[in-house]
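Participant: Just passing along the structure, written as structure tokens.
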Amino acid sequence: MTIRIDLEDGRPLEEQIVTAVRNGLARGDIARGQELPSVRQLAGDLGVHWNTVARAYRRLADEGLLNVRRGRSVVVREPARSTARVSRTALRSRLTDVLAEAVLGGLSRKDVTETFQEALAGFDERR
Amino acid sequence: MTMNPMHVSQQASAILVTVTPWLVVSIVFRVAQRYARSVSQSLERPPSLTRLGRATMVAAIVTVAIALVESSPVWLLPAAGVGFVGLSTLALRALGEIDRLSKPAREVTASVRSASLAVRRAGQYLPWTWRFAVYGVGLAGVVAFAARVATPGADRRLLVPLTLAFAAVVFLWLYEVWIQQLVTGPATPEGQPPGTCQRFIRGVFAMEAALVAGCLTAAHLLLDLDWNASGAYGAVVSLAAGVLGVAGCALALSSDLTQRRYQQLKT
């Protein structure tokens with residue numbers, strides 16, 4: 001799997017890495033038990049400071065998604081399930097924000113429904 | 001004045017020492033230029049390298065003149081040493097300029113960056129048996145060399161053989177670090193066609209094997225050499241090992257100039 005970051009995106013780089021790995025896990029592109037590249041390798045490949053990748057890995061470990069051992073490998077936990085629980089109310093609130101943006105941006109109800117279903121279809125059904 | 005093979009060897013060594021900074025920088029420049037061409041960019045010869053070439057020419061002429069006037073190493077080798085130190089200062093400047101000029105060929109300034117989440121290991125590019133073979137040759141060569149040194153011998157000249165045995169160990173370590181750096185170091189997905197990295201890593205490994213085997217072989221050949229009877233042979237072996245060592249150092253110095261990467265962010 002390939003992750004992508006954008007320097008012109010308003011979000012911090014650490015946040016973008018966390019989101020990319022989270023998405024990969026949710027979609028099943030990153031397998032359970034899979035070893036991830038070292039901080040040095042990923043930081044070098046992306047051309048970012050190693051501290052940015054280390055902080056991103058630490059956050060994912062704190063969420064219960066990764067096992068990070070100092071000086072050793074970074075491995076996806078089995079089963080990889082975030083300890084940060086999301087309630088339906090919180091999900092509805094975040095979706096409402098996105099939907100409002102889409103409607104104001106000119107998307108029709110049909111476009112929104114189709115796009116949502118396409119995005120949802122990309123995620124691993126077993127989760 | 002009669003010159004025996006030992007004198008010829010000393011004079012040739014002095015000239016090699018004098019031209020080493022220029023030789024190293026020239027090899028580094030060639031490597032950087034070749035790499036720049038491979039990514040469809042050009043790399044102009046830096047002015048500091050031209051200045052270094054001229055200064056080396058003058059220093060080499062002075063060294064040869066000293067060698068012709070006074071064949072004793074008491075004058076010759078210190079003169080070569082002074083030339084080496086002076087030219088090294090110019091060489092460092094030229095290396096810095098090559099690094100700066102070759103950056104556009106190495107650094108990608110894209111704002112959207114991607115990286116694979118696949119772990120890269122040396123074993124994916126080089127069979128472990130090959131690497132262990134080089135470790136084995138290195139270890140066996142050094143142990144055998146130490147055993148021979150511990151055995152008393154007649155009229156030995158230890159400086160060059162010891163230096164070569166030590167160089168073999170240093171090269172083994174240096175090139176292993178380089179291979180690790182190539183495997184896990186920065187790499188852009190759009191950098192090079194598939195297989196380029198493997199070919200390059202295998203090339204570095206081949207150089208490592210040649211350096212370790214070459215330096216140890218030369219160290220063993222020179223250890224118990226009778227310089228009076230086989231001086232010319234000894235001079236040729238010493239110089240060949242010296243040139244090999246200089247090339248090895250130069251290639252190791254160029255290790256950072258042949259990887260395409262995203263421009264490193266400071267924070």
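In the structure tokens, chains take the letters A, B, ... in the order shown, each chain's residues start at 1, and ligands count up from 1 in the order shown.
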Do a neighbour search on Glu208 of chain B at 6 Å with only C-alpha atoms, toss out local chain neighbours closer than 3 positions, and write the hits as a list in words.

Facilitator: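 Here the answer would be Tyr175, Phe205 and Leu211 of chain B.
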
Participant: Kindly provide, as a short mmCIF file (atom, residue, chain, number, x, y, z; two decimals) with N, CA and C atoms, in the first residue's frame, the residues of chain A having any atom no farther than 10 Å from an atom of chain B, counting only C-alpha atoms.

Facilitator:
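See iface.cif below for the written result:
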data_model
loop_
_atom_site.label_atom_id
_atom_site.label_comp_id
_atom_site.auth_asym_id
_atom_site.auth_seq_id
_atom_site.Cartn_x
_atom_site.Cartn_y
_atom_site.Cartn_z
N MET A 1 0.83 -1.20 0.00
CA MET A 1 0.00 0.00 0.00
C MET A 1 0.88 1.26 0.00
N THR A 2 0.38 2.27 -0.66
CA THR A 2 1.10 3.54 -0.74
C THR A 2 0.34 4.62 0.04
N ILE A 3 1.05 5.40 0.83
CA ILE A 3 0.39 6.52 1.49
C ILE A 3 0.82 7.83 0.83
N ARG A 4 -0.02 8.80 0.96
CA ARG A 4 0.20 10.06 0.25
C ARG A 4 0.02 11.22 1.23
N ILE A 5 0.90 12.19 1.15
CA ILE A 5 0.73 13.40 1.95
C ILE A 5 0.82 14.61 1.02
N ASP A 6 0.21 15.70 1.44
CA ASP A 6 0.21 16.91 0.62
C ASP A 6 0.68 18.08 1.49
N LEU A 7 1.78 18.68 1.09
CA LEU A 7 2.34 19.79 1.88
C LEU A 7 1.42 21.01 1.87
N GLU A 8 0.56 21.11 0.84
CA GLU A 8 -0.32 22.27 0.75
C GLU A 8 -1.67 22.03 1.43
N ASP A 9 -1.87 20.81 1.91
CA ASP A 9 -3.08 20.50 2.68
C ASP A 9 -2.96 21.24 4.02
N VAL A 21 -2.80 5.88 7.41
CA VAL A 21 -2.63 4.53 7.95
C VAL A 21 -3.98 4.02 8.47
N GLY A 24 -6.03 2.93 5.58
CA GLY A 24 -5.51 1.67 5.06
C GLY A 24 -5.95 0.48 5.89
N ILE A 30 -4.04 -2.59 4.62
CA ILE A 30 -2.94 -2.98 5.52
C ILE A 30 -3.46 -4.15 6.34
N GLN A 34 0.69 -7.11 9.93
CA GLN A 34 1.68 -6.65 8.94
C GLN A 34 2.70 -5.73 9.59
N GLU A 35 3.94 -5.88 9.13
CA GLU A 35 5.00 -5.00 9.64
C GLU A 35 5.01 -3.73 8.79
N LEU A 36 5.11 -2.59 9.45
CA LEU A 36 5.19 -1.31 8.73
C LEU A 36 6.66 -0.87 8.66
N PRO A 37 6.98 0.00 7.72
CA PRO A 37 8.38 0.45 7.62
C PRO A 37 8.84 1.17 8.87
N SER A 38 10.14 1.16 9.08
CA SER A 38 10.70 1.85 10.24
C SER A 38 10.46 3.35 10.09
N ARG A 40 12.64 5.61 10.23
CA ARG A 40 13.69 6.16 9.37
C ARG A 40 13.32 5.98 7.88
N GLN A 41 12.85 4.76 7.55
CA GLN A 41 12.53 4.49 6.14
C GLN A 41 11.37 5.37 5.66
N LEU A 42 10.30 5.43 6.45
CA LEU A 42 9.12 6.20 6.01
C LEU A 42 9.43 7.70 5.97
N ALA A 43 10.15 8.17 6.99
CA ALA A 43 10.50 9.60 7.02
C ALA A 43 11.38 9.95 5.81
N GLY A 44 12.34 9.07 5.51
CA GLY A 44 13.23 9.29 4.36
C GLY A 44 12.45 9.30 3.05
N ASP A 45 11.54 8.34 2.91
CA ASP A 45 10.77 8.24 1.67
C ASP A 45 9.88 9.46 1.45
N LEU A 46 9.29 9.96 2.54
CA LEU A 46 8.39 11.11 2.41
C LEU A 46 9.13 12.45 2.46
N GLY A 47 10.40 12.39 2.86
CA GLY A 47 11.19 13.62 2.97
C GLY A 47 10.74 14.49 4.13
N VAL A 48 10.24 13.86 5.19
CA VAL A 48 9.81 14.63 6.37
C VAL A 48 10.75 14.31 7.54
N HIS A 49 10.65 15.11 8.58
CA HIS A 49 11.49 14.86 9.75
C HIS A 49 11.06 13.56 10.42
N TRP A 50 12.03 12.79 10.92
CA TRP A 50 11.70 11.48 11.50
C TRP A 50 10.75 11.61 12.69
N ASN A 51 10.83 12.78 13.35
CA ASN A 51 10.00 13.01 14.53
C ASN A 51 8.51 13.04 14.16
N THR A 52 8.22 13.52 12.95
CA THR A 52 6.83 13.58 12.47
C THR A 52 6.25 12.16 12.37
N SER A 73 10.59 -3.49 15.27
CA SER A 73 9.67 -3.23 14.18
C SER A 73 8.37 -2.58 14.66
N VAL A 74 7.63 -2.05 13.70
CA VAL A 74 6.30 -1.49 13.95
C VAL A 74 5.31 -2.46 13.31
#

Participant: Return the single residue from A:Leu95, A:Val39, A:Leu13, A:Ala102 that is closest to Arg69 of chain A, with distances computed using only C-alpha atoms.

Facilitator: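 Ranked by minimum distance to Arg69 of chain A, first place goes to A:Val39.
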
Participant: If we count only C-alpha atoms, what is near Val68 of chain A at a cut-off of 10 Å, once residues fewer than 3 positions away on the same chain are taken out, given as a VMD selection string?

Facilitator: chain A and resid 36 38 54 57 to 58 60 to 62 65 71 to 77

Participant: Using N, CA, C and O atoms, can you write the selected residues to a file as an mmCIF file, in the first residue's frame?

Facilitator:
data_model
loop_
_atom_site.group_PDB
_atom_site.id
_atom_site.type_symbol
_atom_site.label_atom_id
_atom_site.label_comp_id
_atom_site.auth_asym_id
_atom_site.auth_seq_id
_atom_site.Cartn_x
_atom_site.Cartn_y
_atom_site.Cartn_z
ATOM 1 N N LEU A 36 5.110 -2.592 9.450
ATOM 2 C CA LEU A 36 5.192 -1.312 8.733
ATOM 3 C C LEU A 36 6.655 -0.869 8.664
ATOM 4 O O LEU A 36 7.471 -1.315 9.463
ATOM 5 N N SER A 38 10.140 1.155 9.078
ATOM 6 C CA SER A 38 10.699 1.850 10.238
ATOM 7 C C SER A 38 10.457 3.352 10.092
ATOM 8 O O SER A 38 10.194 3.852 8.991
ATOM 9 N N ALA A 54 7.512 9.458 13.816
ATOM 10 C CA ALA A 54 7.534 8.824 15.158
ATOM 11 C C ALA A 54 6.288 9.222 15.945
ATOM 12 O O ALA A 54 5.666 8.387 16.613
ATOM 13 N N TYR A 57 3.221 7.387 14.479
ATOM 14 C CA TYR A 57 3.204 5.982 14.916
ATOM 15 C C TYR A 57 2.783 5.888 16.384
ATOM 16 O O TYR A 57 2.038 4.999 16.777
ATOM 17 N N ARG A 58 3.282 6.838 17.193
ATOM 18 C CA ARG A 58 2.968 6.815 18.631
ATOM 19 C C ARG A 58 1.470 7.014 18.842
ATOM 20 O O ARG A 58 0.849 6.334 19.647
ATOM 21 N N LEU A 60 -0.934 6.279 16.718
ATOM 22 C CA LEU A 60 -1.643 5.067 16.285
ATOM 23 C C LEU A 60 -1.466 3.947 17.314
ATOM 24 O O LEU A 60 -2.385 3.139 17.524
ATOM 25 N N ALA A 61 -0.309 3.917 17.955
ATOM 26 C CA ALA A 61 -0.089 2.919 19.015
ATOM 27 C C ALA A 61 -0.973 3.226 20.214
ATOM 28 O O ALA A 61 -1.559 2.317 20.820
ATOM 29 N N ASP A 62 -1.089 4.523 20.561
ATOM 30 C CA ASP A 62 -1.943 4.917 21.691
ATOM 31 C C ASP A 62 -3.416 4.590 21.425
ATOM 32 O O ASP A 62 -4.185 4.344 22.341
ATOM 33 N N LEU A 65 -3.864 0.649 17.622
ATOM 34 C CA LEU A 65 -3.809 0.090 16.265
ATOM 35 C C LEU A 65 -2.454 -0.537 15.934
ATOM 36 O O LEU A 65 -2.365 -1.464 15.138
ATOM 37 N N GLY A 71 13.412 0.614 18.823
ATOM 38 C CA GLY A 71 14.531 -0.078 18.176
ATOM 39 C C GLY A 71 14.117 -1.345 17.444
ATOM 40 O O GLY A 71 14.955 -2.043 16.893
ATOM 41 N N ARG A 72 12.811 -1.655 17.484
ATOM 42 C CA ARG A 72 12.351 -2.852 16.780
ATOM 43 C C ARG A 72 11.332 -2.482 15.716
ATOM 44 O O ARG A 72 11.209 -1.333 15.334
ATOM 45 N N SER A 73 10.588 -3.488 15.272
ATOM 46 C CA SER A 73 9.672 -3.229 14.180
ATOM 47 C C SER A 73 8.369 -2.581 14.656
ATOM 48 O O SER A 73 8.051 -2.591 15.841
ATOM 49 N N VAL A 74 7.635 -2.051 13.700
ATOM 50 C CA VAL A 74 6.303 -1.494 13.950
ATOM 51 C C VAL A 74 5.311 -2.458 13.306
ATOM 52 O O VAL A 74 5.381 -2.711 12.107
ATOM 53 N N VAL A 75 4.426 -3.016 14.123
ATOM 54 C CA VAL A 75 3.537 -4.067 13.617
ATOM 55 C C VAL A 75 2.084 -3.676 13.893
ATOM 56 O O VAL A 75 1.770 -3.102 14.940
ATOM 57 N N VAL A 76 1.197 -4.010 12.924
ATOM 58 C CA VAL A 76 -0.238 -3.774 13.108
ATOM 59 C C VAL A 76 -0.759 -4.782 14.125
ATOM 60 O O VAL A 76 -0.469 -5.979 14.025
ATOM 61 N N ARG A 77 -1.529 -4.292 15.105
ATOM 62 C CA ARG A 77 -2.052 -5.184 16.145
ATOM 63 C C ARG A 77 -3.091 -6.142 15.575
ATOM 64 O O ARG A 77 -3.798 -5.808 14.633
#

Participant: Between atom CA of Ala150 of chain B and atom CA of Thr217 of chain B, what is the distance, to one decimal in Å?

Facilitator: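 Separation between atom CA of Ala150 of chain B and atom CA of Thr217 of chain B: 17.8 Å.
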
Participant: Write out as a list in words the residues lying within 12 Å of Ser9 of chain B, counting only C-alpha atoms and excluding same-chain residues fewer than 4 positions away.

Facilitator: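 In the requested form, the answer reads Met3, Asn4, Pro5, Ser13, Ala14, Ile15, Leu16, Ala67, Ser71, Ser72, Pro73, Leu76, Leu77, Val160, Trp227, Ser230, Gly231, Ala232, Tyr233, Gly234, Ala235, Val236, Val237, Ser238, Leu239, Ala240 and Gly242 of chain B.
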
Participant: For the selection you just gave me, I'd like the residues written to a file as a compact mmCIF listing (two decimals), in the first residue's frame, keeping N, CA, C and O atoms.

Facilitator:
# COMPACT_ATOMS: atom_id res chain seq x y z
N MET B 3 68.40 3.61 -8.93
CA MET B 3 67.13 3.47 -8.23
C MET B 3 66.71 2.01 -8.24
O MET B 3 66.66 1.39 -9.30
N ASN B 4 66.47 1.49 -7.06
CA ASN B 4 65.98 0.12 -6.98
C ASN B 4 64.44 0.13 -6.94
O ASN B 4 63.83 1.19 -6.81
N PRO B 5 63.83 -1.04 -7.08
CA PRO B 5 62.35 -1.09 -7.09
C PRO B 5 61.71 -0.45 -5.87
O PRO B 5 60.63 0.12 -5.95
N SER B 13 54.35 5.91 -4.84
CA SER B 13 53.40 6.09 -3.73
C SER B 13 53.24 7.58 -3.40
O SER B 13 52.13 8.04 -3.13
N ALA B 14 54.37 8.30 -3.42
CA ALA B 14 54.31 9.73 -3.11
C ALA B 14 53.45 10.46 -4.14
O ALA B 14 52.64 11.33 -3.79
N ILE B 15 53.60 10.09 -5.42
CA ILE B 15 52.78 10.74 -6.47
C ILE B 15 51.31 10.36 -6.28
O ILE B 15 50.42 11.21 -6.41
N LEU B 16 51.07 9.09 -5.94
CA LEU B 16 49.68 8.66 -5.74
C LEU B 16 49.04 9.43 -4.58
O LEU B 16 47.90 9.88 -4.67
N ALA B 67 61.53 13.95 -6.10
CA ALA B 67 61.91 12.54 -6.24
C ALA B 67 63.18 12.39 -7.08
O ALA B 67 64.02 11.54 -6.80
N SER B 71 66.05 11.02 -3.62
CA SER B 71 65.21 9.81 -3.65
C SER B 71 64.88 9.30 -2.25
O SER B 71 64.08 8.38 -2.11
N SER B 72 65.48 9.91 -1.22
CA SER B 72 65.23 9.42 0.14
C SER B 72 63.79 9.72 0.56
O SER B 72 63.28 10.83 0.35
N PRO B 73 63.13 8.74 1.18
CA PRO B 73 61.75 8.96 1.63
C PRO B 73 61.65 10.01 2.74
O PRO B 73 60.58 10.53 3.01
N LEU B 76 60.83 12.92 0.54
CA LEU B 76 59.76 12.68 -0.43
C LEU B 76 58.39 12.54 0.23
O LEU B 76 57.42 13.19 -0.18
N LEU B 77 58.29 11.68 1.23
CA LEU B 77 56.97 11.40 1.81
C LEU B 77 56.38 12.59 2.56
O LEU B 77 55.19 12.88 2.41
N VAL B 160 52.69 -1.33 5.07
CA VAL B 160 51.73 -1.44 3.95
C VAL B 160 50.78 -2.63 4.15
O VAL B 160 49.56 -2.48 4.03
N TRP B 227 61.81 -7.80 -0.62
CA TRP B 227 61.82 -6.62 -1.49
C TRP B 227 63.10 -6.54 -2.33
O TRP B 227 63.09 -5.92 -3.40
N SER B 230 62.21 -9.32 -5.10
CA SER B 230 60.96 -9.13 -5.87
C SER B 230 60.39 -7.73 -5.67
O SER B 230 59.18 -7.56 -5.49
N GLY B 231 61.29 -6.75 -5.71
CA GLY B 231 60.86 -5.38 -5.43
C GLY B 231 59.85 -4.85 -6.44
O GLY B 231 58.87 -4.18 -6.08
N ALA B 232 60.09 -5.13 -7.73
CA ALA B 232 59.19 -4.62 -8.77
C ALA B 232 57.79 -5.19 -8.59
O ALA B 232 56.78 -4.47 -8.71
N TYR B 233 57.76 -6.49 -8.29
CA TYR B 233 56.47 -7.16 -8.06
C TYR B 233 55.74 -6.50 -6.88
O TYR B 233 54.54 -6.20 -6.95
N GLY B 234 56.51 -6.25 -5.81
CA GLY B 234 55.93 -5.62 -4.62
C GLY B 234 55.40 -4.22 -4.92
O GLY B 234 54.32 -3.84 -4.45
N ALA B 235 56.17 -3.48 -5.74
CA ALA B 235 55.76 -2.11 -6.08
C ALA B 235 54.45 -2.13 -6.86
O ALA B 235 53.54 -1.34 -6.60
N VAL B 236 54.35 -3.07 -7.82
CA VAL B 236 53.14 -3.15 -8.64
C VAL B 236 51.93 -3.51 -7.76
O VAL B 236 50.85 -2.90 -7.87
N VAL B 237 52.11 -4.51 -6.87
CA VAL B 237 51.01 -4.94 -6.00
C VAL B 237 50.58 -3.79 -5.08
O VAL B 237 49.39 -3.51 -4.91
N SER B 238 51.56 -3.08 -4.49
CA SER B 238 51.26 -1.97 -3.58
C SER B 238 50.47 -0.88 -4.30
O SER B 238 49.47 -0.37 -3.78
N LEU B 239 50.95 -0.52 -5.50
CA LEU B 239 50.29 0.56 -6.22
C LEU B 239 48.88 0.16 -6.67
O LEU B 239 47.95 0.96 -6.59
N ALA B 240 48.74 -1.08 -7.15
CA ALA B 240 47.41 -1.54 -7.58
C ALA B 240 46.45 -1.50 -6.40
O ALA B 240 45.31 -1.04 -6.54
N GLY B 242 46.74 0.39 -3.79
CA GLY B 242 46.53 1.81 -3.46
C GLY B 242 45.46 2.44 -4.35
O GLY B 242 44.56 3.12 -3.86

Participant: I need the residue nearest Phe29 of chain B from this list: B:Leu162, B:Val246, B:Leu174, B:Leu43. Use only C-alpha atoms for the distance.

Facilitator: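 The answer is B:Leu43, which sits nearest to Phe29 of chain B.
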
Participant: State, in Å with one decimal place, the distance from atom CA of Phe132 of chain B to atom CA of Leu172 of chain B.

Facilitator: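 Those two atoms sit 11.5 Å apart.
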